[in-house]
$ cat input-v4.cif   # mmCIF, C-alpha atoms
data_data
loop_
_atom_site.label_atom_id
_atom_site.label_comp_id
_atom_site.auth_asym_id
_atom_site.auth_seq_id
_atom_site.Cartn_x
_atom_site.Cartn_y
_atom_site.Cartn_z
CA MET X 1 -42.84 -5.41 48.31
CA GLN X 2 -40.03 -7.31 46.61
CA PRO X 3 -36.52 -5.90 46.46
CA SER X 4 -35.23 -4.85 43.05
CA PHE X 5 -32.34 -6.49 41.25
CA GLU X 6 -30.19 -3.44 41.92
CA MET X 7 -30.64 -3.82 45.65
CA LEU X 8 -29.86 -7.54 45.52
CA LEU X 9 -26.93 -7.40 43.09
CA GLY X 10 -25.39 -4.10 44.23
CA PRO X 11 -23.38 -5.60 47.11
CA ILE X 12 -22.11 -8.36 44.81
CA CYS X 13 -21.44 -6.35 41.64
CA MET X 14 -19.62 -3.38 43.14
CA PRO X 15 -16.73 -5.41 44.64
CA LEU X 16 -16.48 -7.39 41.39
CA LEU X 17 -16.38 -4.19 39.37
CA ASP X 18 -13.69 -2.73 41.64
CA ARG X 19 -11.64 -5.90 41.31
CA PHE X 20 -12.04 -5.87 37.52
CA ILE X 21 -10.80 -2.26 37.34
CA GLN X 22 -7.84 -3.16 39.55
CA LEU X 23 -6.96 -6.09 37.26
CA LEU X 24 -7.14 -3.85 34.19
CA LYS X 25 -4.70 -1.39 35.78
CA VAL X 26 -2.27 -4.18 36.66
CA SER X 27 -2.56 -5.62 33.15
CA GLN X 28 -1.87 -2.20 31.63
CA ALA X 29 1.22 -1.73 33.78
CA ASN X 30 2.47 -5.21 32.86
CA SER X 31 2.00 -4.61 29.13
CA GLN X 32 3.90 -1.30 29.35
CA GLU X 33 6.74 -3.02 31.23
CA THR X 34 6.80 -5.80 28.66
CA ILE X 35 7.21 -3.31 25.82
CA LEU X 36 9.91 -1.40 27.71
CA ASN X 37 11.77 -4.66 28.31
CA GLU X 38 11.48 -5.56 24.62
CA ILE X 39 12.97 -2.19 23.66
CA ARG X 40 15.87 -2.70 26.10
CA LYS X 41 16.45 -6.22 24.82
CA ALA X 42 16.39 -5.02 21.21
CA ARG X 43 19.03 -2.39 22.06
CA GLU X 44 21.28 -5.11 23.44
CA LEU X 45 20.79 -7.71 20.71
CA TYR X 46 20.50 -5.72 17.47
CA THR X 47 22.29 -2.89 15.71
CA GLY X 48 21.69 -0.79 12.64
CA MET X 49 18.94 -1.82 10.29
CA GLU X 50 18.13 -4.95 12.34
CA LEU X 51 17.41 -2.74 15.36
CA SER X 52 15.32 -0.42 13.22
CA ALA X 53 13.26 -3.37 11.96
CA GLU X 54 12.80 -4.68 15.51
CA LEU X 55 11.66 -1.26 16.71
CA SER X 56 9.15 -1.11 13.87
CA ARG X 57 7.77 -4.46 15.00
CA ILE X 58 7.52 -3.21 18.59
CA GLN X 59 5.91 0.01 17.41
CA GLN X 60 3.18 -1.94 15.63
CA ARG X 61 2.17 -3.40 19.00
CA LEU X 62 1.37 0.11 20.21
CA ASP X 63 -1.98 -0.11 18.45
CA ASN X 64 -3.30 -1.04 21.87
CA VAL X 65 -3.65 2.36 23.57
CA GLU X 66 -3.28 0.80 27.01
CA CYS X 67 0.34 -0.06 26.16
CA LEU X 68 1.10 3.49 25.16
CA SER X 69 2.86 5.61 27.76
CA VAL X 70 5.32 8.49 27.72
CA ASP X 71 8.07 6.12 28.89
CA VAL X 72 7.53 3.81 25.94
CA VAL X 73 7.47 6.69 23.45
CA ILE X 74 10.61 8.30 24.87
CA ASN X 75 12.44 4.98 24.87
CA LEU X 76 11.52 4.46 21.22
CA LEU X 77 12.66 7.98 20.33
CA LEU X 78 15.97 7.56 22.16
CA THR X 79 16.61 4.22 20.51
CA TYR X 80 15.87 5.61 17.05
CA ARG X 81 18.23 8.48 17.84
CA ASP X 82 20.94 6.07 18.99
CA ILE X 83 20.65 4.10 15.75
CA GLN X 84 21.07 7.35 13.87
CA ASP X 85 24.16 8.34 15.88
CA LYS X 86 25.74 4.93 15.28
CA ASN X 87 25.04 5.16 11.54
CA ASN X 88 26.64 8.61 11.41
CA THR X 89 29.67 7.40 13.36
CA LYS X 90 30.19 4.38 11.12
CA LEU X 91 29.55 6.10 7.81
CA GLY X 92 30.83 9.58 8.57
CA THR X 93 28.47 12.49 8.19
CA GLU X 94 29.58 13.16 4.60
CA GLU X 95 28.86 9.59 3.47
CA CYS X 96 25.49 9.32 5.20
CA SER X 97 22.94 9.12 2.40
CA MET X 98 19.17 9.24 2.72
CA SER X 99 18.90 5.47 2.33
CA ALA X 100 21.34 4.75 5.15
CA CYS X 101 20.04 7.40 7.53
CA THR X 102 16.30 6.90 7.76
CA ASP X 103 15.84 6.78 11.52
CA TYR X 104 15.13 10.49 11.85
CA GLU X 105 12.31 9.80 9.45
CA SER X 106 11.10 7.05 11.81
CA ILE X 107 11.06 9.55 14.69
CA VAL X 108 8.96 11.96 12.63
CA LYS X 109 6.55 9.22 11.56
CA LEU X 110 6.16 7.98 15.14
CA VAL X 111 5.34 11.41 16.53
CA GLU X 112 3.00 12.28 13.67
CA THR X 113 1.17 8.99 14.17
CA LEU X 114 0.83 9.71 17.89
CA GLU X 115 -0.55 13.19 17.15
CA LYS X 116 -3.49 11.55 15.38
CA LEU X 117 -4.51 9.65 18.51
CA PRO X 118 -7.15 11.41 20.61
CA THR X 119 -5.84 9.89 23.85
CA PHE X 120 -2.17 10.89 23.59
CA ASP X 121 -0.73 14.36 23.04
CA PRO X 122 2.97 14.02 22.24
CA MET X 123 3.53 17.77 22.19
CA ALA X 124 2.58 17.97 25.86
CA HIS X 125 5.87 16.26 26.73
CA PRO X 126 9.08 18.32 26.37
CA HIS X 127 11.34 15.34 25.54
CA VAL X 128 9.07 14.19 22.73
CA LYS X 129 8.83 17.74 21.40
CA PHE X 130 12.63 18.15 21.49
CA HIS X 131 13.38 14.90 19.62
CA TYR X 132 10.65 15.61 17.08
CA ALA X 133 12.03 19.08 16.36
CA PHE X 134 15.56 17.68 16.17
CA ALA X 135 14.48 14.99 13.71
CA LEU X 136 12.63 17.53 11.56
CA ASN X 137 15.79 19.63 11.46
CA ARG X 138 17.76 16.73 9.98
#
$ encode --input "input-v4.cif" --output "C-alpha cells"
Amino acid sequence: MQPSFEMLLGPICMPLLDRFIQLLKVSQANSQETILNEIRKARELYTGMELSAELSRIQQRLDNVECLSVDVVINLLLTYRDIQDKNNTKLGTEECSMSACTDYESIVKLVETLEKLPTFDPMAHPHVKFHYAFALNR
C-alpha cells in the first residue's frame, strides 16, 4: 500500500501554511502602520486644501481591505475635522462658504463609503459614529 499525497505532503505543507499566514498578518500590520504614518506626515507638512487633497490620495489606498482598521479611519476623521476647524478659524464662521468648508462633506463620504463594505461596520465604533453625526449636523 502506497501512502497518499496528503500523508506525504501534510508535514511539509502545514508549517508552510502557518508561516504564510504569519507573514500575511505582519504585512497587514505594516501596511496599516504605513498609512498611519502617512496621515501623521500629511498633518505636519500640509494645511488647508493641500492637506485635504493629500488625505484623499491616502483614502484611495484604502481600497485594500487589509489596510483598513479603526485606527486609520479615526485618524482620517480627526484630520478632516482639524482641517475644518482651521478653515473656520481662518475664515470666521460667518465667512465660511460651502466651497471653502467641504471637509465635513469628506467625513460623510468616507463613512458612507465604509458602510458599503461588508467587512467593516463603521457604526460599531462610537468615535466614528460621533464624528459622522457631527459632520451630518454641519
$ residues_around --input "input-v4.cif" --residues "Tyr132 (chain X)" --least-positions-apart "5" --cutoff "8 Å" --atoms "all atoms listed in the file" --output "list in words"
Ile107, Val108 and Val111 of chain X
$ residues_around --input "input-v4.cif" --residues "Ala135 (chain X)" --least-positions-apart "2" --cutoff "12 Å" --atoms "only C-alpha atoms" --output "list in words"
Leu77, Leu78, Tyr80, Arg81, Gln84, Asp85, Cys101, Thr102, Asp103, Tyr104, Glu105, Ser106, Ile107, Val108, Lys109, Leu110, Val111, Glu112, Val128, Lys129, Phe130, His131, Tyr132, Ala133, Asn137 and Arg138 of chain X
$ atom_distance --input "input-v4.cif" --atom1 "CA of Thr119 (chain X)" --atom2 "CA of Gln22 (chain X)"
20.5 Å
$ closest_residue --input "input-v4.cif" --among "X:Val73, X:Asp82, X:Phe134, X:Val65" --to "Gln28 (chain X)" --atoms "all atoms listed in the file"
X:Val65
$ atom_distance --input "input-v4.cif" --atom1 "CA of Glu50 (chain X)" --atom2 "CA of Val70 (chain X)"
24.1 Å
$ atom_distance --input "input-v4.cif" --atom1 "CA of Met49 (chain X)" --atom2 "CA of Leu62 (chain X)"
20.3 Å
$ axis_aligned_box --input "input-v4.cif" --around "region 127-130 of chain X" --padding-each-side "3 Å" --output "lines of an AutoDock Vina configuration file"
center_x = 10.7
center_y = 16.2
center_z = 23.5
size_x = 9.8
size_y = 10.0
size_z = 10.1
$ resolve_selection --input "input-v4.cif" --expression "the PyMOL selection byres ((chain X and resi 61) around 12)" --output "ChimeraX atom specification"
/X:31-32,34-36,38-39,54-60,62-68,72
